[in-house]
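Worksheet: one structure, shown below.
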Amino acid sequence: MTETVPQRIHRVFRDVFANRGRRSPELMAESPLDASLGLESLDFAEVVVRLEMEFGVDPFANGVPAGVRRLGDLYRLYA
Amino acid sequence: MTTSLPSAGGHVLLSGGSRGLGQALVRALLSAGYRVSTFARRSTPFLDSLATEPAAFVGTADMADEASLRAFVAAAGRRFGPPWGLVNCAGVAIDGVLASMAPSDVEKMMSTNLTGAMLLTRLVLRTMLLQRQGGAIVNISSIIASRGYSGLAAYAATKGGMDAMTRALARELGDRGIRVNSIAPGYLETEMTHGLTDQQREMIVRRTPLGRLGRPEDVVGPLLFLLSDAAGFVTGQTLTVDGGTTC
């Protein structure tokens, strides 16, 4: 079955958590994209690079797009 | 001196390998067994001579053009895999008192020596982070960054900025096993210093305990050291290689 965009984004986040030796929290559209998620700044940088590889586009090329605060905000960026 | 190769394949990307110090460093890295990718704005006889060298990848890119840097990093990655090491060596030096220096010359030094180095580092870091195998970055700075020399204010600012980047990045990347250091050569016998007068040259030699100008080869040992596992606990430092000029 083909993964949906949210599923692909969640997989990327889980990979980064796994690579850091941490268990991924439950990922939801409402999950905040800040330290409370359990990732550091450099981890988020890695997420952005991995998402670029996953989707072939980098909406963060010119900085964080306006209004991106929660995981669900990423769904529309990569849709 | 121990200069064991990094375990992650030994691909080092070096900016500005077409001549002068960069050329000597490319040769040394190849001799030491690294795979080297390098670029310049245009080809030179030295870069052309690398066409038959299987451990070398040569491209064309401009430090002032981020898109060209991005394309080169991608091409180098396709050839040898993501770089494990980065040497920021590309640089231009234009001397003259600041009050009469053309703004375009100031901007050229800033964009090549500092902004370009930062953007290239950003691009390479993105691949290093994914590899999770650590890495080493060496920024070729200058003693001009820490000592005042009349006529080199803009150049000094770019190199001082580079050293500041070295220290900040060392802290930012330490827990990913990526080390960041600077090498600060003194005056080297390269095209960059051909404009020195005999009088200036004699003054530098007089002030240098080891009694001569540096040669590009003098920077080789320190570079191989900083890239190697022998420097595995060294980060955020500037290693001065100037025959003692600034001691």
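Identifiers in this document derive from the order of the structure tokens: chains are assigned A, B, ..., residues are numbered from 1 separately in each chain, and ligands are numbered from 1 in order of occurrence.
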Backbone DSSP call of helix (DSSP H, G or I) for stretch 22-158 of chain B, listed as number ranges by chain: B: 22-31, 45-52, 66-80, 98-100, 103-131, 143-145, 153-158
Contact set, chain B to chain A: 7 Å, only C-alpha atoms, as a ChimeraX atom specification: /B:126,129-130
Output of the above residues as a short mmCIF file (atom, residue, chain, number, x, y, z; two decimals), in the first residue's frame, restricted to N, CA, C and O atoms:
```cif
data_model
loop_
_atom_site.label_atom_id
_atom_site.label_comp_id
_atom_site.auth_asym_id
_atom_site.auth_seq_id
_atom_site.Cartn_x
_atom_site.Cartn_y
_atom_site.Cartn_z
N ARG B 126 25.17 19.05 5.64
CA ARG B 126 23.88 18.38 5.46
C ARG B 126 24.10 16.91 5.08
O ARG B 126 23.34 16.04 5.51
N LEU B 129 25.68 15.03 8.28
CA LEU B 129 24.71 14.72 9.33
C LEU B 129 23.99 13.41 9.02
O LEU B 129 23.71 12.61 9.91
N LEU B 130 23.68 13.21 7.74
CA LEU B 130 22.96 11.99 7.37
C LEU B 130 23.84 10.75 7.49
O LEU B 130 23.34 9.67 7.78
#
```
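For the set A:Phe17, A:Glu30, A:Glu52, A:Arg23, the residue with the smallest atom-to-atom gap to B:Thr127 is A:Glu52, counting only C-alpha atoms.
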Which of stretch 22-87 of chain B fall in strand (DSSP E), as a PyMOL selection string: chain B and resi 35-40+56-60+85-87
Within 12 Å of A:Ile9 using only C-alpha atoms, minus same-chain residues under 6 positions, as a ChimeraX atom specification: /A:3,15-16,27-29,47-55,71-79
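Going from atom CA of B:Arg207 to atom CA of B:Asp242 covers 10.5 Å.
The residue that comes closest to B:Ser31, out of B:Gln237, B:Ile144, B:Val220, B:Leu227 and on the basis of only C-alpha atoms, is B:Val220.
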Who sits within 12 Å of B:Thr238, only C-alpha atoms, same chain under 5 positions skipped, as JSON, numbers by chain: {"B": [137, 138, 139, 140, 141, 142, 143, 145, 146, 159, 160, 162, 163, 164, 165, 166, 167, 170, 180, 181, 182, 183, 184, 185, 222, 223, 226]}
With N, CA and C atoms kept, could you save the residues just selected as a compact mmCIF listing (two decimals), in the first residue's frame?
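Contents of the output file out.txt:
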```
# COMPACT_ATOMS: atom_id res chain seq x y z
N ILE B 137 36.36 19.12 9.57
CA ILE B 137 36.37 20.32 8.74
C ILE B 137 37.61 21.13 9.12
N VAL B 138 38.36 21.54 8.12
CA VAL B 138 39.52 22.38 8.38
C VAL B 138 39.38 23.65 7.56
N ASN B 139 39.38 24.77 8.25
CA ASN B 139 39.28 26.06 7.58
C ASN B 139 40.68 26.67 7.46
N ILE B 140 41.04 27.04 6.24
CA ILE B 140 42.34 27.66 6.05
C ILE B 140 42.19 29.15 6.31
N SER B 141 42.68 29.55 7.47
CA SER B 141 42.59 30.94 7.90
C SER B 141 43.91 31.63 7.59
N SER B 142 44.35 32.48 8.48
CA SER B 142 45.59 33.23 8.26
C SER B 142 45.99 33.90 9.57
N ILE B 143 47.29 34.12 9.73
CA ILE B 143 47.71 34.89 10.91
C ILE B 143 47.17 36.32 10.86
N ALA B 145 44.28 37.09 10.64
CA ALA B 145 43.02 37.14 11.39
C ALA B 145 43.23 37.64 12.81
N SER B 146 44.41 37.36 13.36
CA SER B 146 44.62 37.67 14.78
C SER B 146 45.61 38.80 15.01
N LYS B 159 39.01 36.33 7.44
CA LYS B 159 39.69 35.22 8.11
C LYS B 159 39.33 35.17 9.59
N GLY B 160 39.15 36.33 10.20
CA GLY B 160 38.69 36.35 11.59
C GLY B 160 37.31 35.74 11.70
N MET B 162 36.15 33.51 9.76
CA MET B 162 36.30 32.07 9.56
C MET B 162 36.70 31.39 10.87
N ASP B 163 37.61 32.00 11.62
CA ASP B 163 38.02 31.41 12.90
C ASP B 163 36.86 31.40 13.88
N ALA B 164 36.05 32.45 13.84
CA ALA B 164 34.88 32.49 14.72
C ALA B 164 33.91 31.37 14.35
N MET B 165 33.74 31.15 13.06
CA MET B 165 32.88 30.06 12.59
C MET B 165 33.44 28.72 13.08
N THR B 166 34.75 28.58 13.04
CA THR B 166 35.38 27.34 13.51
C THR B 166 34.98 27.03 14.94
N ARG B 167 35.07 28.04 15.80
CA ARG B 167 34.79 27.79 17.22
C ARG B 167 33.30 27.50 17.45
N ALA B 170 32.39 24.08 16.10
CA ALA B 170 32.95 23.00 16.91
C ALA B 170 31.98 22.66 18.04
N VAL B 180 35.94 20.56 14.02
CA VAL B 180 36.14 21.75 13.18
C VAL B 180 37.34 22.52 13.70
N ASN B 181 38.32 22.72 12.85
CA ASN B 181 39.52 23.44 13.25
C ASN B 181 39.97 24.38 12.14
N SER B 182 40.83 25.32 12.53
CA SER B 182 41.42 26.24 11.55
C SER B 182 42.94 26.03 11.50
N ILE B 183 43.48 26.30 10.35
CA ILE B 183 44.94 26.43 10.23
C ILE B 183 45.20 27.88 9.84
N ALA B 184 46.11 28.52 10.57
CA ALA B 184 46.44 29.91 10.26
C ALA B 184 47.89 29.99 9.78
N PRO B 185 48.07 29.89 8.46
CA PRO B 185 49.44 30.03 7.95
C PRO B 185 49.91 31.47 8.04
N PRO B 222 50.28 19.77 9.17
CA PRO B 222 49.17 20.18 10.04
C PRO B 222 47.80 19.79 9.50
N LEU B 223 47.60 19.87 8.18
CA LEU B 223 46.29 19.50 7.63
C LEU B 223 46.04 18.00 7.80
N LEU B 226 45.18 17.31 11.39
CA LEU B 226 43.84 17.72 11.83
C LEU B 226 42.74 16.85 11.22
```
